[in-house]
Every structure is written in C-alpha cells, then in structure tokens.
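Next comes model.txt, a file with compact mmCIF, C-alpha atoms.
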```txt
# COMPACT_ATOMS: atom_id res chain seq x y z
CA MET G 1 2.16 22.37 45.47
CA THR G 2 -0.40 19.69 46.27
CA THR G 3 -2.26 21.23 49.24
CA PRO G 4 -2.82 24.78 50.46
CA LEU G 5 -0.22 26.06 52.90
CA PRO G 6 -1.15 26.37 56.56
CA ALA G 7 -2.03 30.01 57.33
CA TRP G 8 0.94 30.40 59.73
CA LEU G 9 3.37 29.19 57.05
CA ASP G 10 1.87 31.37 54.34
CA ALA G 11 2.12 34.39 56.66
CA PHE G 12 5.78 33.56 57.41
CA ARG G 13 6.52 33.10 53.69
CA ARG G 14 4.90 36.44 52.82
CA ARG G 15 6.71 38.24 55.65
CA LEU G 16 10.04 36.94 54.31
CA GLY G 17 9.09 37.49 50.66
CA ALA G 18 10.33 33.94 50.13
CA GLU G 19 10.17 31.42 47.32
CA LEU G 20 8.73 28.08 48.49
CA ILE G 21 10.16 24.65 47.65
CA GLU G 22 8.20 21.64 48.87
CA THR G 23 9.41 18.08 49.44
CA HIS G 24 7.42 15.13 50.77
CA ILE G 25 8.57 15.90 54.36
CA SER G 26 9.63 19.57 54.43
CA TRP G 27 8.99 23.10 53.30
CA LEU G 28 12.00 25.20 52.30
CA LEU G 29 11.73 28.98 52.09
CA LEU G 30 14.36 30.90 50.12
CA ALA G 31 14.79 34.65 50.51
CA GLY G 32 17.91 36.65 49.76
CA GLU G 33 20.97 35.14 51.40
CA PHE G 34 19.02 32.87 53.76
CA ALA G 35 16.93 29.70 53.70
CA TRP G 36 14.51 28.30 56.29
CA LYS G 37 13.63 24.61 56.48
CA LEU G 38 10.41 23.57 58.23
CA LYS G 39 9.14 20.08 59.01
CA LYS G 40 5.69 19.13 57.72
CA PRO G 41 3.23 17.87 60.36
CA ILE G 42 3.30 14.26 59.15
CA THR G 43 4.05 10.79 60.47
CA LEU G 44 5.60 8.16 58.20
CA PRO G 45 7.09 4.73 58.92
CA PHE G 46 10.59 6.22 58.97
CA LEU G 47 9.93 9.54 60.77
CA ASP G 48 7.54 11.18 63.18
CA TYR G 49 6.85 14.91 62.78
CA GLY G 50 3.40 14.46 64.31
CA THR G 51 3.55 17.15 67.02
CA PRO G 52 5.12 20.61 67.34
CA ALA G 53 7.42 19.26 70.07
CA LEU G 54 8.65 16.43 67.83
CA ARG G 55 9.17 18.83 64.93
CA ARG G 56 11.20 21.18 67.11
CA ARG G 57 13.28 18.26 68.41
CA CYS G 58 13.98 17.14 64.83
CA CYS G 59 15.00 20.69 63.90
CA GLU G 60 17.41 20.73 66.87
CA GLU G 61 18.87 17.38 65.77
CA GLU G 62 19.23 18.54 62.16
CA LEU G 63 21.08 21.61 63.38
CA ARG G 64 23.35 19.56 65.66
CA LEU G 65 24.16 16.94 63.04
CA ASN G 66 24.70 19.25 60.07
CA ARG G 67 26.74 21.87 61.92
CA ARG G 68 29.46 19.23 62.21
CA PHE G 69 30.11 19.56 58.47
CA ALA G 70 28.80 23.04 57.72
CA PRO G 71 28.88 25.32 60.78
CA ASP G 72 28.89 28.43 58.57
CA LEU G 73 25.71 27.33 56.77
CA TYR G 74 23.58 26.13 59.68
CA LEU G 75 22.88 29.31 61.65
CA GLY G 76 20.31 28.26 64.25
CA LEU G 77 16.61 27.80 64.92
CA GLU G 78 14.00 30.49 64.41
CA ALA G 79 10.50 30.60 65.86
CA VAL G 80 7.79 30.99 63.21
CA GLY G 81 5.78 33.83 64.73
CA ASP G 82 3.57 32.61 67.57
CA SER G 83 2.59 29.40 65.72
CA GLY G 84 4.63 27.09 67.96
CA GLU G 85 6.55 25.98 64.87
CA TRP G 86 10.30 26.27 64.35
CA ALA G 87 12.54 26.49 61.32
CA VAL G 88 16.18 25.65 60.76
CA LYS G 89 17.74 28.87 59.49
CA MET G 90 20.59 28.45 57.02
CA ARG G 91 22.85 30.61 54.96
CA ARG G 92 21.86 30.14 51.32
CA PHE G 93 24.38 29.21 48.65
CA PRO G 94 24.01 29.14 44.87
CA GLU G 95 22.58 25.91 43.41
CA ALA G 96 25.50 25.95 40.98
CA GLN G 97 27.81 25.24 43.94
CA ARG G 98 26.14 21.92 44.77
CA LEU G 99 28.74 19.20 44.33
CA ASP G 100 26.69 17.29 41.74
CA HIS G 101 26.47 20.43 39.58
CA VAL G 102 30.17 21.20 40.03
CA CYS G 103 31.09 17.63 39.02
CA ALA G 104 28.73 17.71 36.03
CA ARG G 105 30.63 20.66 34.60
CA GLY G 106 34.02 19.09 35.38
CA GLY G 107 34.84 21.56 38.14
CA VAL G 108 36.33 19.10 40.66
CA SER G 109 39.78 17.56 40.37
CA LEU G 110 40.67 14.03 41.41
CA ALA G 111 42.86 15.50 44.14
CA GLN G 112 39.88 17.43 45.53
CA LEU G 113 37.67 14.32 45.45
CA SER G 114 40.39 12.31 47.17
CA GLY G 115 40.62 15.01 49.85
CA LEU G 116 36.87 14.87 50.32
CA ALA G 117 36.98 11.07 50.63
CA ARG G 118 39.78 11.31 53.23
CA GLY G 119 37.81 13.90 55.19
CA LEU G 120 34.67 11.75 55.16
CA GLN G 121 36.62 8.66 56.20
CA ALA G 122 38.17 10.54 59.12
CA PHE G 123 34.77 11.91 60.13
CA HIS G 124 33.14 8.48 60.00
CA ALA G 125 36.00 6.95 61.98
CA GLY G 126 35.35 9.41 64.79
CA ALA G 127 31.55 9.41 64.64
CA ALA G 128 29.51 8.08 67.54
CA VAL G 129 28.93 4.30 67.38
CA ALA G 130 25.44 2.81 67.68
CA GLY G 131 25.93 0.62 70.73
CA PRO G 132 24.83 -3.00 70.98
CA ASP G 133 21.87 -1.95 73.16
CA THR G 134 20.38 0.23 70.39
CA SER G 135 18.27 -0.91 67.44
CA PHE G 136 20.20 1.21 64.90
CA GLY G 137 21.72 -1.09 62.30
CA ALA G 138 20.37 -4.27 63.86
CA PRO G 139 19.51 -6.71 61.05
CA ASP G 140 15.83 -6.99 62.02
CA GLU G 141 15.54 -3.18 62.10
CA VAL G 142 17.16 -2.89 58.66
CA LEU G 143 14.67 -5.39 57.23
CA ALA G 144 11.71 -3.72 58.95
CA GLN G 145 12.59 -0.34 57.46
CA ALA G 146 13.01 -1.85 53.99
CA LEU G 147 9.66 -3.64 54.21
CA ASP G 148 7.93 -0.50 55.51
CA ASN G 149 8.47 0.96 52.04
CA PHE G 150 6.13 -1.65 50.58
CA THR G 151 3.51 -1.05 53.27
CA THR G 152 3.56 2.64 52.34
CA LEU G 153 3.66 2.13 48.56
CA ALA G 154 1.05 -0.63 48.16
CA PRO G 155 -2.07 1.54 48.70
CA LEU G 156 -0.58 4.35 46.60
CA LEU G 157 0.31 2.16 43.60
CA PRO G 158 -2.32 -0.60 43.31
CA ALA G 159 -1.52 -1.14 39.63
CA ALA G 160 2.09 -1.93 40.57
CA ALA G 161 1.13 -4.61 43.12
CA PRO G 162 2.77 -7.51 41.19
CA ARG G 163 6.03 -5.61 40.73
CA LEU G 164 6.01 -4.47 44.35
CA ALA G 165 5.45 -8.07 45.51
CA GLU G 166 8.37 -9.19 43.34
CA LEU G 167 10.60 -6.48 44.77
CA ALA G 168 9.53 -7.32 48.33
CA ALA G 169 10.41 -10.98 47.74
CA TRP G 170 13.81 -9.95 46.37
CA THR G 171 14.32 -7.72 49.44
CA ARG G 172 13.62 -10.63 51.80
CA ALA G 173 15.93 -12.94 49.83
CA GLU G 174 18.75 -10.39 49.82
CA PHE G 175 18.25 -9.79 53.52
CA ALA G 176 18.60 -13.52 54.20
CA ARG G 177 21.80 -13.54 52.16
CA ILE G 178 23.45 -10.52 53.80
CA SER G 179 22.02 -10.77 57.32
CA PRO G 180 25.29 -12.20 58.74
CA GLN G 181 27.24 -9.23 57.32
CA LEU G 182 24.72 -6.79 58.79
CA ALA G 183 25.07 -8.43 62.20
CA ALA G 184 28.88 -8.32 61.90
CA ARG G 185 28.78 -4.61 61.00
CA LYS G 186 26.67 -3.88 64.06
CA ALA G 187 28.86 -6.00 66.35
CA GLY G 188 32.03 -4.44 64.93
CA GLY G 189 30.97 -0.85 65.66
CA ARG G 190 30.46 -0.02 61.99
CA VAL G 191 27.00 1.51 62.47
CA ARG G 192 27.67 5.16 63.24
CA GLU G 193 25.99 8.55 63.45
CA CYS G 194 26.48 9.71 59.87
CA HIS G 195 24.38 11.51 57.27
CA GLY G 196 21.77 9.30 55.62
CA ASP G 197 21.52 11.48 52.50
CA LEU G 198 25.21 11.69 51.62
CA HIS G 199 25.26 10.86 47.92
CA LEU G 200 26.45 12.20 44.62
```
Represent the supplied structure as structure tokens.
Amino acid sequence: MTTPLPAWLDAFRRRLGAELIETHISWLLLAGEFAWKLKKPITLPFLDYGTPALRRRCCEEELRLNRRFAPDLYLGLEAVGDSGEWAVKMRRFPEAQRLDHVCARGGVSLAQLSGLARGLQAFHAGAAVAGPDTSFGAPDEVLAQALDNFTTLAPLLPAAAPRLAELAAWTRAEFARISPQLAARKAGGRVRECHGDLHL
C-alpha cells in the first residue's frame, strides 16, 4: 500500500475483518464469502471519482452493468458507515475459478469456449448502441483518450520521454490509418455498451 488508508475506510475494514487489495482506482475488501469494492477519491483523464456523489453514481453504474452478466455475484450497494461513501457488495468466489486460471490448468473445453463466445456475441448484438449524437466511439474521442495516456505518463516517467514520444507518434500515425474504420464502426452502430475489461 502506497498511502495510509482514510480513517473511515480503515474503520470499515476492521469492522469487517477484511483483507485489503488496492488497485490504482479502487480498494477491494475481502471477508468470508463477500467482497466490497470502493472507488478511490481520484480524478484521472479517463474517469472522475472526485466527489462522493460521483463515486456513488459510478458504483450504481458498475452494479447495473455487471449484474447483466453476473446477477448472483453483484448483490447491491452498501453505505460505509456515516462516511458518505458507498461500496459495491459482491459475493466472493475463489480465485482459482477465474477463467484465466481455469484455462491455464486446461479446465475449459473448446465446446465451453465456443458457448462463451456465442453468449458474448448475442449479448453484444443486443447491447445498447452509442448513438450518433454521443461522443462514445467517435474517432476524435478515441484519439483523445489514447493521447491522454501520454499526458499522464510523461511526468511520471521522465527517463522514458524518447520512447513515449515515439509511441505517441506511432499512435497518431495508426489513428490516421484507421480513422475511416473507426468512423464506419460508429456510423454502423458497432459502438455498444459492453465491458471495457473483458479479456483473457
């Protein structure tokens, strides 16, 4: 852990008797059969958790979005004492059941993976479309988010400035090359409300 926990979070952790896992944007508390995910009070180019109201709204959205796939895991929101903070409460499952771990030990058949792919395709086909009046998936927005990475990284990695500049130039060149495809995806209704962290 890089910084001391806020007093309200430490009190909540101690009350639960929970193990703490920290990411760059969240705190995760694990205790018994449950887990609680809390948003850190931070603002970054790609997210804004800057106020308690914004953090609660993001918790509500996380619950709404993730219940579509895992209604039995995402249980609801829980107030964190009288701190004004909220946590997404989840049912905990063993780390060994994460799909990457199951695949690493050869525990998934091709038929199961094909079924998963079909399920995801059907879900994506029915997911809400980012309309033409929204910025989601618009080529300029895609480029802006990519370039924001360099704005964030440059002061943190001054020794890597030449490599970052090279990567930023490559990003701009690739954007120029694929910009027509990005615009076509947006116009064709291919930008949808899906999970940004879906990977294996």
Give me the residues within 12 Å of Cys194 in chain G as a PDB file with C-alpha atoms, in the coordinates of the input, counting only C-alpha atoms and dropping any in the same chain fewer than 2 places off.
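As written to disk, out-v2.pdb reads:
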```
ATOM      1  CA  GLU G  62      19.230  18.540  62.160  1.00  0.00           C
ATOM      2  CA  ARG G  64      23.350  19.560  65.660  1.00  0.00           C
ATOM      3  CA  LEU G  65      24.160  16.940  63.040  1.00  0.00           C
ATOM      4  CA  ASN G  66      24.700  19.250  60.070  1.00  0.00           C
ATOM      5  CA  ARG G  68      29.460  19.230  62.210  1.00  0.00           C
ATOM      6  CA  PHE G  69      30.110  19.560  58.470  1.00  0.00           C
ATOM      7  CA  LEU G 120      34.670  11.750  55.160  1.00  0.00           C
ATOM      8  CA  GLN G 121      36.620   8.660  56.200  1.00  0.00           C
ATOM      9  CA  ALA G 122      38.170  10.540  59.120  1.00  0.00           C
ATOM     10  CA  PHE G 123      34.770  11.910  60.130  1.00  0.00           C
ATOM     11  CA  HIS G 124      33.140   8.480  60.000  1.00  0.00           C
ATOM     12  CA  ALA G 125      36.000   6.950  61.980  1.00  0.00           C
ATOM     13  CA  GLY G 126      35.350   9.410  64.790  1.00  0.00           C
ATOM     14  CA  ALA G 127      31.550   9.410  64.640  1.00  0.00           C
ATOM     15  CA  ALA G 128      29.510   8.080  67.540  1.00  0.00           C
ATOM     16  CA  VAL G 129      28.930   4.300  67.380  1.00  0.00           C
ATOM     17  CA  ALA G 130      25.440   2.810  67.680  1.00  0.00           C
ATOM     18  CA  PHE G 136      20.200   1.210  64.900  1.00  0.00           C
ATOM     19  CA  ARG G 190      30.460  -0.020  61.990  1.00  0.00           C
ATOM     20  CA  VAL G 191      27.000   1.510  62.470  1.00  0.00           C
ATOM     21  CA  ARG G 192      27.670   5.160  63.240  1.00  0.00           C
ATOM     22  CA  GLY G 196      21.770   9.300  55.620  1.00  0.00           C
ATOM     23  CA  ASP G 197      21.520  11.480  52.500  1.00  0.00           C
ATOM     24  CA  LEU G 198      25.210  11.690  51.620  1.00  0.00           C
TER      25      LEU G 198
END
```
Worksheet item: Is there a way to get, as a PyMOL selection string, all residues within 12 Å of the point (10.2, 26.7, 51.6) in file coordinates, counting all atoms listed in the file?
Response: chain G and resi 1+5+9-10+12-14+16-31+34-40+87-90
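Here CA of Leu73 in chain G and CA of Ala11 in chain G stand 24.6 Å from one another.
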Practice prompt. Would you mind telling me which residue in G:Ile178, G:Cys58, G:Ala173, G:Leu116 lies nearest to Glu85 in chain G when using all atoms listed in the file?
Written response: G:Cys58
Worksheet item: Which value, in Å to one decimal, gives the distance between CA of Lys186 in chain G and CA of Gln145 in chain G?
Response: 15.9 Å
Worksheet item: Could you pull the residues within 12 Å of Arg172 in chain G, counting all atoms listed in the file, minus those fewer than 6 positions along the same chain, as a list in words?
Response: Pro139, Asp140, Val142, Leu143, Ala144, Gln145, Ala146, Leu147, Phe150, Ala165, Glu166, Ile178 and Ser179 of chain G
